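Coordinates from start_34.txt are shown below (compact mmCIF, C-alpha atoms).
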```txt
# COMPACT_ATOMS: atom_id res chain seq x y z
CA MET A 11 20.97 39.54 50.33
CA ILE A 12 19.39 38.27 53.55
CA ILE A 13 17.19 35.19 53.17
CA LEU A 14 14.76 33.71 55.68
CA GLY A 15 14.26 29.98 55.10
CA ILE A 16 11.13 28.46 56.66
CA ASP A 17 10.25 24.79 57.02
CA THR A 18 6.62 25.16 58.09
CA ALA A 19 4.63 22.83 60.34
CA ILE A 20 1.82 23.46 62.80
CA ARG A 21 3.78 22.19 65.84
CA LYS A 22 7.44 22.66 64.89
CA THR A 23 8.50 25.25 62.30
CA GLY A 24 12.21 25.41 61.51
CA TYR A 25 13.78 28.68 60.41
CA GLY A 26 17.20 29.71 59.17
CA ILE A 27 18.44 33.18 58.31
CA ILE A 28 21.44 33.55 56.04
CA ARG A 29 23.32 36.34 54.30
CA MET A 30 24.81 35.65 50.87
CA ASP A 31 27.18 38.13 49.29
CA ALA A 32 27.68 38.91 45.60
CA LEU A 33 30.34 36.17 45.38
CA GLY A 34 27.90 33.55 46.63
CA SER A 35 29.50 33.03 50.01
CA LEU A 36 27.30 32.12 52.94
CA GLU A 37 26.95 33.46 56.46
CA ILE A 38 24.44 31.90 58.85
CA LEU A 39 22.89 34.67 60.98
CA ASP A 40 20.50 32.58 63.03
CA CYS A 41 18.52 29.36 63.03
CA GLY A 42 16.01 27.79 65.33
CA ILE A 43 12.50 26.47 65.82
CA ILE A 44 9.07 27.97 66.53
CA LYS A 45 7.43 25.34 68.73
CA ASN A 46 3.77 24.91 69.61
CA ALA A 47 2.81 22.53 72.41
CA PRO A 48 0.54 19.65 71.37
CA SER A 49 -2.10 20.95 73.79
CA LEU A 50 -2.52 24.27 71.94
CA PRO A 51 -5.58 24.70 69.68
CA HIS A 52 -4.92 25.41 66.01
CA SER A 53 -5.92 29.07 66.26
CA GLU A 54 -3.29 29.65 68.95
CA CYS A 55 -0.64 27.74 66.94
CA LEU A 56 -1.33 29.99 63.94
CA ARG A 57 -1.23 33.15 66.05
CA ARG A 58 2.14 32.15 67.55
CA LEU A 59 3.50 31.12 64.17
CA ALA A 60 2.55 34.41 62.47
CA GLY A 61 3.91 36.34 65.45
CA GLY A 62 7.19 34.40 65.35
CA ILE A 63 7.66 35.12 61.65
CA ARG A 64 6.94 38.84 62.19
CA GLU A 65 9.53 38.91 64.98
CA LEU A 66 12.19 37.33 62.75
CA VAL A 67 11.36 39.77 59.95
CA SER A 68 11.64 42.79 62.23
CA GLN A 69 14.91 41.56 63.75
CA PHE A 70 16.73 40.44 60.58
CA LYS A 71 14.97 42.42 57.82
CA PRO A 72 15.18 39.61 55.20
CA ASP A 73 14.93 40.63 51.53
CA VAL A 74 13.14 37.42 50.72
CA ALA A 75 11.73 34.24 52.24
CA SER A 76 12.24 30.69 50.99
CA LEU A 77 9.55 28.18 51.92
CA GLU A 78 9.20 24.46 51.53
CA ALA A 79 6.69 23.84 48.76
CA ALA A 80 3.49 22.17 49.98
CA PHE A 81 3.89 18.48 49.38
CA VAL A 82 0.74 16.69 48.34
CA SER A 83 0.51 14.20 51.16
CA LYS A 84 -1.51 11.03 50.80
CA ASN A 85 -3.07 11.98 54.11
CA ILE A 86 -5.42 14.81 53.12
CA LYS A 87 -6.02 15.84 56.74
CA THR A 88 -2.28 16.27 57.30
CA ALA A 89 -2.00 18.26 54.07
CA MET A 90 -4.85 20.54 55.13
CA ILE A 91 -3.37 21.24 58.57
CA LEU A 92 0.02 21.96 57.00
CA SER A 93 -1.72 24.35 54.60
CA LEU A 94 -3.35 26.17 57.52
CA ALA A 95 0.13 26.76 58.97
CA ARG A 96 1.47 27.85 55.57
CA GLY A 97 -1.45 30.28 55.32
CA ALA A 98 -0.40 31.90 58.60
CA VAL A 99 3.26 32.11 57.52
CA ILE A 100 2.57 33.46 54.01
CA THR A 101 0.12 36.02 55.41
CA ALA A 102 2.68 37.27 57.94
CA LEU A 103 5.34 37.54 55.21
CA ALA A 104 2.99 39.30 52.76
CA GLU A 105 1.89 41.75 55.45
CA SER A 106 5.56 42.47 56.17
CA GLY A 107 6.28 43.02 52.48
CA VAL A 108 8.69 40.06 52.22
CA PRO A 109 8.31 38.18 48.92
CA ALA A 110 8.15 34.42 49.37
CA PHE A 111 9.44 31.71 47.05
CA GLU A 112 9.00 27.99 47.44
CA TYR A 113 11.20 25.01 46.69
CA SER A 114 10.86 21.28 47.08
CA PRO A 115 12.90 19.61 49.86
CA LYS A 116 14.82 17.81 47.09
CA SER A 117 15.81 21.08 45.39
CA ALA A 118 16.94 22.49 48.72
CA LYS A 119 19.09 19.48 49.57
CA ARG A 120 20.52 19.33 46.04
CA ALA A 121 21.49 23.01 46.23
CA ALA A 122 23.36 22.46 49.48
CA THR A 123 24.98 19.09 48.85
CA GLY A 124 24.58 18.23 45.17
CA ILE A 125 22.40 15.29 46.22
CA GLY A 126 18.57 15.51 46.27
CA ASP A 127 18.10 12.82 48.87
CA ALA A 128 21.04 13.67 51.11
CA ALA A 129 20.69 12.77 54.78
CA LYS A 130 19.87 15.59 57.19
CA GLU A 131 23.29 15.27 58.87
CA GLN A 132 25.09 15.62 55.52
CA VAL A 133 23.10 18.76 54.75
CA ALA A 134 23.77 20.20 58.20
CA SER A 135 27.49 19.49 58.10
CA ILE A 136 27.97 21.05 54.66
CA LEU A 137 25.94 24.13 55.58
CA ALA A 138 27.87 24.45 58.85
CA VAL A 139 31.21 24.40 57.00
CA MET A 140 30.05 26.86 54.31
CA GLY A 141 28.37 29.12 56.88
CA GLY A 142 31.28 29.10 59.32
CA LEU A 143 29.26 27.62 62.15
CA ASP A 144 29.74 24.72 64.54
CA ILE A 145 27.31 21.99 63.43
CA ALA A 146 26.15 21.67 67.06
CA GLN A 147 24.60 25.12 66.66
CA ILE A 148 22.21 23.86 63.96
CA PRO A 149 19.17 22.17 65.51
CA ASP A 150 17.96 19.15 63.55
CA ASP A 151 14.64 20.80 62.73
CA ALA A 152 16.33 23.94 61.39
CA THR A 153 18.48 22.10 58.82
CA ASP A 154 15.82 22.01 56.10
CA ALA A 155 15.04 25.69 56.65
CA LEU A 156 18.72 26.62 56.22
CA ALA A 157 18.92 24.47 53.08
CA LEU A 158 15.81 26.24 51.71
CA ALA A 159 17.39 29.64 52.36
CA TYR A 160 20.63 28.53 50.73
CA CYS A 161 18.70 27.05 47.77
CA HIS A 162 17.13 30.43 47.01
CA GLY A 163 20.41 32.30 47.50
CA ASN A 164 22.27 29.91 45.25
CA LEU A 165 19.62 30.23 42.55
CA ALA A 166 19.63 34.03 42.80
CA PHE A 167 23.42 33.97 42.50
CA HIS A 168 23.24 31.89 39.31
CA ALA A 169 20.35 33.95 37.95
CA ASN A 170 22.43 37.06 38.54
CA ALA A 171 25.14 35.51 36.39
CA GLY A 172 22.55 34.87 33.67
CA ILE A 173 22.79 31.08 34.03
CA VAL A 174 19.21 30.37 35.21
CA ASP A 175 15.88 32.18 35.49
CA MET A 176 14.29 32.97 38.84
CA PRO A 177 10.95 31.34 39.71
CA VAL A 178 7.83 33.43 40.39
CA PRO A 179 7.08 34.30 44.03
CA ILE A 180 4.02 32.70 45.68
CA MET B 3 -23.92 38.80 71.08
CA ILE B 4 -22.36 39.92 67.79
CA ILE B 5 -21.30 37.08 65.48
CA LEU B 6 -19.12 37.28 62.37
CA GLY B 7 -19.91 34.45 59.94
CA ILE B 8 -17.22 33.69 57.34
CA ASP B 9 -17.49 31.46 54.29
CA THR B 10 -13.82 31.33 53.34
CA ALA B 11 -12.36 30.96 49.85
CA ILE B 12 -9.16 32.26 48.29
CA ARG B 13 -10.97 34.35 45.62
CA LYS B 14 -14.38 35.08 47.11
CA THR B 15 -14.95 35.09 50.87
CA GLY B 16 -18.49 35.78 52.04
CA TYR B 17 -19.09 37.41 55.41
CA GLY B 18 -22.16 38.21 57.47
CA ILE B 19 -22.38 40.05 60.78
CA ILE B 20 -25.40 39.55 62.98
CA ARG B 21 -26.54 40.52 66.44
CA MET B 22 -28.63 38.07 68.43
CA ASP B 23 -30.31 39.13 71.64
CA ALA B 24 -31.09 37.05 74.73
CA LEU B 25 -34.47 36.08 73.26
CA GLY B 26 -32.81 34.65 70.14
CA SER B 27 -33.99 37.35 67.75
CA LEU B 28 -31.78 38.24 64.83
CA GLU B 29 -30.54 41.54 63.42
CA ILE B 30 -28.31 41.54 60.32
CA LEU B 31 -25.71 44.29 60.73
CA ASP B 32 -23.81 43.79 57.48
CA CYS B 33 -22.97 41.24 54.85
CA GLY B 34 -20.77 41.19 51.79
CA ILE B 35 -17.81 39.65 50.00
CA ILE B 36 -14.03 39.99 50.12
CA LYS B 37 -13.01 39.51 46.52
CA ASN B 38 -9.57 38.74 45.10
CA ALA B 39 -9.01 39.07 41.36
CA PRO B 40 -7.93 35.85 39.61
CA SER B 41 -4.71 37.59 38.56
CA LEU B 42 -3.53 38.09 42.17
CA PRO B 43 -0.86 35.74 43.55
CA HIS B 44 -1.78 33.68 46.60
CA SER B 45 0.35 35.76 48.96
CA GLU B 46 -1.55 38.92 47.99
CA CYS B 47 -4.92 37.13 48.33
CA LEU B 48 -3.99 36.05 51.86
CA ARG B 49 -2.79 39.54 52.78
CA ARG B 50 -6.05 41.10 51.56
CA LEU B 51 -8.14 38.42 53.24
CA ALA B 52 -6.47 38.85 56.64
CA GLY B 53 -6.70 42.63 56.27
CA GLY B 54 -10.40 42.42 55.39
CA ILE B 55 -11.16 40.29 58.44
CA ARG B 56 -9.24 42.71 60.69
CA GLU B 57 -11.25 45.62 59.27
CA LEU B 58 -14.56 43.85 59.97
CA VAL B 59 -13.42 43.01 63.50
CA SER B 60 -12.40 46.58 64.25
CA GLN B 61 -15.65 47.97 62.81
CA PHE B 62 -18.16 45.54 64.35
CA LYS B 63 -16.26 44.15 67.37
CA PRO B 64 -17.73 40.63 67.09
CA ASP B 65 -17.71 38.48 70.21
CA VAL B 66 -17.14 35.38 68.16
CA ALA B 67 -16.61 34.13 64.60
CA SER B 68 -18.38 31.22 62.92
CA LEU B 69 -16.51 29.55 60.06
CA GLU B 70 -17.40 26.92 57.55
CA ALA B 71 -15.62 23.71 58.56
CA ALA B 72 -12.98 22.61 56.06
CA PHE B 73 -14.62 20.08 53.84
CA VAL B 74 -12.34 17.25 52.73
CA SER B 75 -12.50 17.75 48.98
CA LYS B 76 -11.65 14.91 46.64
CA ASN B 77 -9.42 17.43 44.91
CA ILE B 78 -6.48 17.68 47.29
CA LYS B 79 -5.07 20.78 45.58
CA THR B 80 -8.37 22.63 46.05
CA ALA B 81 -8.47 21.54 49.70
CA MET B 82 -4.92 22.79 50.27
CA ILE B 83 -5.60 26.21 48.71
CA LEU B 84 -8.78 26.55 50.77
CA SER B 85 -6.76 25.67 53.87
CA LEU B 86 -4.23 28.40 53.03
CA ALA B 87 -7.09 30.91 53.00
CA ARG B 88 -8.51 29.50 56.26
CA GLY B 89 -5.03 29.86 57.78
CA ALA B 90 -5.04 33.58 56.95
CA VAL B 91 -8.56 34.05 58.35
CA ILE B 92 -8.01 32.07 61.56
CA THR B 93 -4.69 33.88 62.16
CA ALA B 94 -6.35 37.31 61.76
CA LEU B 95 -9.14 36.29 64.15
CA ALA B 96 -6.74 34.82 66.72
CA GLU B 97 -4.55 37.92 66.58
CA SER B 98 -7.67 40.03 67.16
CA GLY B 99 -8.71 37.88 70.12
CA VAL B 100 -11.92 36.66 68.46
CA PRO B 101 -12.63 32.97 69.24
CA ALA B 102 -13.60 30.99 66.14
CA PHE B 103 -15.99 28.07 65.89
CA GLU B 104 -16.69 25.98 62.82
CA TYR B 105 -19.80 24.31 61.47
CA SER B 106 -20.60 22.25 58.40
CA PRO B 107 -22.64 23.95 55.65
CA LYS B 108 -25.40 21.44 56.41
CA SER B 109 -25.56 22.44 60.08
CA ALA B 110 -25.69 26.10 59.07
CA LYS B 111 -28.55 25.57 56.61
CA ARG B 112 -30.42 23.36 59.03
CA ALA B 113 -30.15 26.01 61.76
CA ALA B 114 -31.61 28.66 59.46
CA THR B 115 -34.27 26.66 57.64
CA GLY B 116 -34.67 23.33 59.39
CA ILE B 117 -33.42 21.63 56.22
CA GLY B 118 -29.74 20.58 55.81
CA ASP B 119 -29.77 20.73 52.04
CA ALA B 120 -31.94 23.82 51.60
CA ALA B 121 -31.38 25.87 48.44
CA LYS B 122 -29.38 29.08 48.81
CA GLU B 123 -32.44 31.19 47.94
CA GLN B 124 -34.50 29.51 50.68
CA VAL B 125 -31.76 30.20 53.22
CA ALA B 126 -31.43 33.82 52.09
CA SER B 127 -35.17 34.49 52.16
CA ILE B 128 -35.64 33.04 55.66
CA LEU B 129 -32.61 34.95 57.02
CA ALA B 130 -33.87 38.15 55.36
CA VAL B 131 -37.29 37.81 57.01
CA MET B 132 -35.81 36.95 60.43
CA GLY B 133 -33.16 39.68 60.14
CA GLY B 134 -35.57 42.36 58.92
CA LEU B 135 -33.70 42.91 55.67
CA ASP B 136 -34.73 43.06 52.02
CA ILE B 137 -33.45 39.85 50.41
CA ALA B 138 -31.94 41.95 47.59
CA GLN B 139 -29.45 43.24 50.17
CA ILE B 140 -28.00 39.76 50.71
CA PRO B 141 -25.47 38.91 48.00
CA ASP B 142 -25.55 35.28 46.93
CA ASP B 143 -22.03 34.65 48.21
CA ALA B 144 -22.82 36.07 51.65
CA THR B 145 -25.78 33.77 52.31
CA ASP B 146 -23.73 30.87 53.66
CA ALA B 147 -21.76 33.24 55.89
CA LEU B 148 -24.98 34.64 57.39
CA ALA B 149 -26.28 31.11 57.91
CA LEU B 150 -23.02 30.20 59.68
CA ALA B 151 -23.35 33.21 61.98
CA TYR B 152 -26.97 32.35 62.70
CA CYS B 153 -26.06 28.70 63.33
CA HIS B 154 -23.63 29.69 66.08
CA GLY B 155 -26.05 32.20 67.58
CA ASN B 156 -28.86 29.70 67.59
CA LEU B 157 -26.66 27.07 69.24
CA ALA B 158 -25.45 29.54 71.87
CA PHE B 159 -29.08 30.48 72.57
CA HIS B 160 -30.01 26.84 73.11
CA ALA B 161 -26.84 26.17 75.12
CA ASN B 162 -27.75 29.12 77.31
CA ALA B 163 -31.08 27.46 77.98
CA GLY B 164 -29.24 24.27 78.93
CA ILE B 165 -30.60 22.30 75.96
CA VAL B 166 -27.29 21.64 74.14
CA ASP B 167 -23.55 21.89 74.80
CA MET B 168 -21.33 24.35 72.94
CA PRO B 169 -18.58 22.94 70.69
CA VAL B 170 -14.91 23.71 71.33
CA PRO B 171 -13.39 26.67 69.43
CA ILE B 172 -10.80 25.96 66.73
```

Once you've parsed the file, please lay out its structure as structure tokens.
Amino acid sequence: MIILGIDTAIRKTGYGIIRMDALGSLEILDCGIIKNAPSLPHSECLRRLAGGIRELVSQFKPDVASLEAAFVSKNIKTAMILSLARGAVITALAESGVPAFEYSPKSAKRAATGIGDAAKEQVASILAVMGGLDIAQIPDDATDALALAYCHGNLAFHANAGIVDMPVPI
Amino acid sequence: MIILGIDTAIRKTGYGIIRMDALGSLEILDCGIIKNAPSLPHSECLRRLAGGIRELVSQFKPDVASLEAAFVSKNIKTAMILSLARGAVITALAESGVPAFEYSPKSAKRAATGIGDAAKEQVASILAVMGGLDIAQIPDDATDALALAYCHGNLAFHANAGIVDMPVPI
């Protein structure tokens, strides 16, 4: 199963693509960031974001996407701009026929490290070891995306064994 | 100038397409609703919404789109779901090369009727008369979209005459 993890934001969206086999072992295929310059208007950010997701889908053919659940920020304006970006990402995935699931950042970190509030470096170093990658190859902003992808894969692995139920896609 | 007005919502998006000539006179080309059944998951709503916008763009080739500005709802969950839908719409417009502007519902109503808090029926009946259409042909949920389109057209007409400045696209 190939999983595309996405940590969405209007200016800096992290992504991580992993393959997990039937034994639950992890291979990191790619990770990186879709960046939008601060000078770009929102419409252009959304266009680039949707285009970036479509490119990743066509290159890696993920079976599923794993997104960070929308946190309810105290700053409603921030929450609304984040939701705009999520709208672009979810639309691009739906149009590409890739089902999308969402998990909280805590769930993602817990899946990778056993600890819900693990530091980003801990998460990155564990994922690097499991995924057979040098930690230097994981950009800071792609760590959460990789953890989200792993979180879904880990859950699917346990669901396959009849231990847990899968959540409903978005 | 052909203007696509869009009153976005996840379940019921109104649209109105108008043509305004250099003398500021209005012709209503089409209006209607993109509906999503309550049973559909968000991802499918966004896919259908983006697809609907693309269809309208390819049929009517609007020069510009006029959207309802995101109101900051007291209900943050409602605001975030609306923003998801706006993300899908703005992405589809940006990918189609249609610049999008946004106006408050008050501005739109004021442009059409002179009154910011005009009733929907007042707005519809004035637009119907100006646009040479039977009011029965304007669905309730398309009235705001038509007013948004007219609001942009009216502003562009006055900007053209050097009376006002145009706002910046989204």

Neighbours of chain A in chain B at 8 Å, counting only C-alpha atoms, as a list in words: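 Output check: Pro43, His44, Ser45, Glu46, Leu48, Arg49, Ala52, Val74, Ile78, Lys79, Ala81, Met82, Ile83, Ser85, Leu86, Ala87, Arg88, Gly89, Ala90, Ile92, Thr93, Ala94, Ala96, Glu97, Ala102 and Ile172 of chain B.
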
Please provide chain A as a short mmCIF file (atom, residue, chain, number, x, y, z; two decimals) with C-alpha atoms, in the frame of the given file, once it has been superposed on chain B by least squares across all sequentially paired Cα atoms.
```
data_model
loop_
_atom_site.label_atom_id
_atom_site.label_comp_id
_atom_site.auth_asym_id
_atom_site.auth_seq_id
_atom_site.Cartn_x
_atom_site.Cartn_y
_atom_site.Cartn_z
CA MET A 11 -23.90 38.81 71.09
CA ILE A 12 -22.35 39.92 67.80
CA ILE A 13 -21.30 37.09 65.48
CA LEU A 14 -19.12 37.28 62.37
CA GLY A 15 -19.91 34.45 59.95
CA ILE A 16 -17.22 33.70 57.35
CA ASP A 17 -17.49 31.47 54.29
CA THR A 18 -13.81 31.34 53.33
CA ALA A 19 -12.35 30.97 49.84
CA ILE A 20 -9.16 32.27 48.27
CA ARG A 21 -10.96 34.35 45.60
CA LYS A 22 -14.39 35.09 47.10
CA THR A 23 -14.94 35.08 50.87
CA GLY A 24 -18.49 35.76 52.05
CA TYR A 25 -19.10 37.41 55.40
CA GLY A 26 -22.16 38.20 57.47
CA ILE A 27 -22.36 40.04 60.77
CA ILE A 28 -25.39 39.54 62.97
CA ARG A 29 -26.53 40.54 66.45
CA MET A 30 -28.64 38.07 68.43
CA ASP A 31 -30.32 39.15 71.64
CA ALA A 32 -31.07 37.07 74.73
CA LEU A 33 -34.46 36.09 73.25
CA GLY A 34 -32.81 34.66 70.15
CA SER A 35 -33.99 37.33 67.75
CA LEU A 36 -31.79 38.24 64.82
CA GLU A 37 -30.53 41.52 63.42
CA ILE A 38 -28.32 41.55 60.33
CA LEU A 39 -25.69 44.30 60.73
CA ASP A 40 -23.81 43.79 57.49
CA CYS A 41 -22.96 41.23 54.84
CA GLY A 42 -20.76 41.19 51.80
CA ILE A 43 -17.81 39.65 50.01
CA ILE A 44 -14.02 40.00 50.14
CA LYS A 45 -12.99 39.51 46.52
CA ASN A 46 -9.56 38.75 45.09
CA ALA A 47 -9.00 39.07 41.35
CA PRO A 48 -7.92 35.86 39.60
CA SER A 49 -4.69 37.59 38.57
CA LEU A 50 -3.52 38.11 42.18
CA PRO A 51 -0.84 35.75 43.56
CA HIS A 52 -1.76 33.69 46.61
CA SER A 53 0.36 35.76 48.98
CA GLU A 54 -1.54 38.91 48.00
CA CYS A 55 -4.92 37.12 48.31
CA LEU A 56 -4.00 36.05 51.86
CA ARG A 57 -2.80 39.54 52.79
CA ARG A 58 -6.06 41.09 51.54
CA LEU A 59 -8.14 38.42 53.23
CA ALA A 60 -6.46 38.85 56.63
CA GLY A 61 -6.71 42.63 56.27
CA GLY A 62 -10.41 42.42 55.38
CA ILE A 63 -11.16 40.28 58.43
CA ARG A 64 -9.24 42.70 60.70
CA GLU A 65 -11.25 45.60 59.27
CA LEU A 66 -14.56 43.84 59.97
CA VAL A 67 -13.42 43.00 63.50
CA SER A 68 -12.41 46.58 64.25
CA GLN A 69 -15.64 47.98 62.80
CA PHE A 70 -18.16 45.55 64.34
CA LYS A 71 -16.28 44.16 67.38
CA PRO A 72 -17.74 40.61 67.08
CA ASP A 73 -17.71 38.46 70.23
CA VAL A 74 -17.15 35.37 68.16
CA ALA A 75 -16.61 34.12 64.61
CA SER A 76 -18.38 31.23 62.91
CA LEU A 77 -16.51 29.55 60.07
CA GLU A 78 -17.40 26.92 57.54
CA ALA A 79 -15.64 23.72 58.57
CA ALA A 80 -12.98 22.61 56.07
CA PHE A 81 -14.60 20.07 53.82
CA VAL A 82 -12.35 17.24 52.75
CA SER A 83 -12.51 17.74 49.01
CA LYS A 84 -11.66 14.93 46.64
CA ASN A 85 -9.42 17.44 44.91
CA ILE A 86 -6.47 17.68 47.31
CA LYS A 87 -5.06 20.77 45.58
CA THR A 88 -8.36 22.62 46.06
CA ALA A 89 -8.46 21.53 49.70
CA MET A 90 -4.92 22.79 50.26
CA ILE A 91 -5.60 26.20 48.71
CA LEU A 92 -8.78 26.55 50.76
CA SER A 93 -6.74 25.68 53.86
CA LEU A 94 -4.22 28.41 53.03
CA ALA A 95 -7.09 30.92 52.99
CA ARG A 96 -8.50 29.50 56.24
CA GLY A 97 -5.03 29.86 57.78
CA ALA A 98 -5.04 33.58 56.94
CA VAL A 99 -8.56 34.06 58.33
CA ILE A 100 -8.00 32.08 61.55
CA THR A 101 -4.70 33.88 62.15
CA ALA A 102 -6.34 37.29 61.76
CA LEU A 103 -9.15 36.29 64.15
CA ALA A 104 -6.74 34.81 66.73
CA GLU A 105 -4.56 37.92 66.59
CA SER A 106 -7.67 40.03 67.16
CA GLY A 107 -8.71 37.88 70.12
CA VAL A 108 -11.93 36.66 68.46
CA PRO A 109 -12.64 32.99 69.22
CA ALA A 110 -13.60 31.00 66.14
CA PHE A 111 -16.00 28.07 65.87
CA GLU A 112 -16.69 25.98 62.82
CA TYR A 113 -19.80 24.32 61.45
CA SER A 114 -20.59 22.26 58.40
CA PRO A 115 -22.63 23.93 55.62
CA LYS A 116 -25.40 21.41 56.41
CA SER A 117 -25.55 22.45 60.08
CA ALA A 118 -25.69 26.10 59.07
CA LYS A 119 -28.53 25.58 56.61
CA ARG A 120 -30.42 23.35 59.04
CA ALA A 121 -30.15 26.01 61.76
CA ALA A 122 -31.61 28.65 59.46
CA THR A 123 -34.28 26.66 57.64
CA GLY A 124 -34.70 23.32 59.39
CA ILE A 125 -33.43 21.63 56.23
CA GLY A 126 -29.76 20.60 55.81
CA ASP A 127 -29.78 20.74 52.04
CA ALA A 128 -31.95 23.82 51.60
CA ALA A 129 -31.38 25.86 48.45
CA LYS A 130 -29.38 29.07 48.80
CA GLU A 131 -32.45 31.19 47.94
CA GLN A 132 -34.51 29.50 50.68
CA VAL A 133 -31.77 30.21 53.21
CA ALA A 134 -31.45 33.82 52.08
CA SER A 135 -35.18 34.48 52.15
CA ILE A 136 -35.64 33.05 55.65
CA LEU A 137 -32.63 34.94 57.01
CA ALA A 138 -33.87 38.14 55.35
CA VAL A 139 -37.29 37.80 57.02
CA MET A 140 -35.82 36.94 60.45
CA GLY A 141 -33.16 39.66 60.16
CA GLY A 142 -35.55 42.35 58.94
CA LEU A 143 -33.71 42.91 55.69
CA ASP A 144 -34.73 43.06 52.04
CA ILE A 145 -33.46 39.84 50.42
CA ALA A 146 -31.95 41.95 47.61
CA GLN A 147 -29.47 43.25 50.19
CA ILE A 148 -28.01 39.76 50.71
CA PRO A 149 -25.46 38.92 48.01
CA ASP A 150 -25.56 35.29 46.92
CA ASP A 151 -22.04 34.64 48.20
CA ALA A 152 -22.84 36.08 51.64
CA THR A 153 -25.80 33.76 52.30
CA ASP A 154 -23.72 30.87 53.66
CA ALA A 155 -21.76 33.25 55.88
CA LEU A 156 -24.98 34.65 57.38
CA ALA A 157 -26.30 31.11 57.91
CA LEU A 158 -23.02 30.19 59.68
CA ALA A 159 -23.34 33.22 61.97
CA TYR A 160 -26.97 32.37 62.70
CA CYS A 161 -26.05 28.70 63.30
CA HIS A 162 -23.62 29.68 66.06
CA GLY A 163 -26.05 32.20 67.58
CA ASN A 164 -28.86 29.69 67.58
CA LEU A 165 -26.67 27.07 69.23
CA ALA A 166 -25.45 29.55 71.86
CA PHE A 167 -29.07 30.48 72.55
CA HIS A 168 -30.01 26.83 73.12
CA ALA A 169 -26.85 26.17 75.12
CA ASN A 170 -27.74 29.12 77.31
CA ALA A 171 -31.08 27.46 77.99
CA GLY A 172 -29.24 24.27 78.95
CA ILE A 173 -30.60 22.32 75.97
CA VAL A 174 -27.29 21.64 74.15
CA ASP A 175 -23.56 21.89 74.81
CA MET A 176 -21.34 24.33 72.94
CA PRO A 177 -18.59 22.94 70.69
CA VAL A 178 -14.91 23.72 71.33
CA PRO A 179 -13.41 26.68 69.44
CA ILE A 180 -10.80 25.96 66.73
#
```

Of the listed residues A:Glu112, A:Gly34, A:Asn164, A:Val74, that which approaches Gly124 in chain A most closely, counting all atoms listed in the file: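 Of A:Glu112, A:Gly34, A:Asn164, A:Val74, the one nearest Gly124 in chain A is A:Asn164, counting all atoms listed in the file.
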
From A:Ile63, A:Leu36, A:Cys161, A:Ile27, residue lying nearest Ser114 in chain A [all atoms listed in the file]: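 Of all the options, A:Cys161 lies closest to Ser114 in chain A.
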
CA of Ile5 in chain B to CA of Asp65 in chain B, distance in Å rounded to a single decimal: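 Computing it gives 6.1 Å between the two atoms.
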
Ser76 in chain A environment, 8 Å, all atoms listed in the file, sequence neighbours closer than 5 positions dropped, as JSON, numbers by chain: {"A": [13, 14, 15, 16, 110, 111, 112, 113, 158, 159, 162]}

Coordinates-based distance that separates CA of Pro107 in chain B from CA of Cys33 in chain B (Å, one decimal): 17.3 Å

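Neighbourhood of point (26.1, 38.6, 52.5): residues with an atom at most 12 Å away, counting only C-alpha atoms, are Met11, Ile12, Ile13, Ile27, Ile28, Arg29, Met30, Asp31, Ala32, Leu33, Gly34, Ser35, Leu36, Glu37, Ile38, Leu39, Pro72, Asp73, Gly141, Tyr160, Gly163, Asn164 and Phe167 of chain A.
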
Å distance separating CA of Glu131 in chain A from CA of Phe70 in chain A, one decimal place: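 Atom-to-atom, CA of Glu131 in chain A to CA of Phe70 in chain A, that is 26.1 Å.
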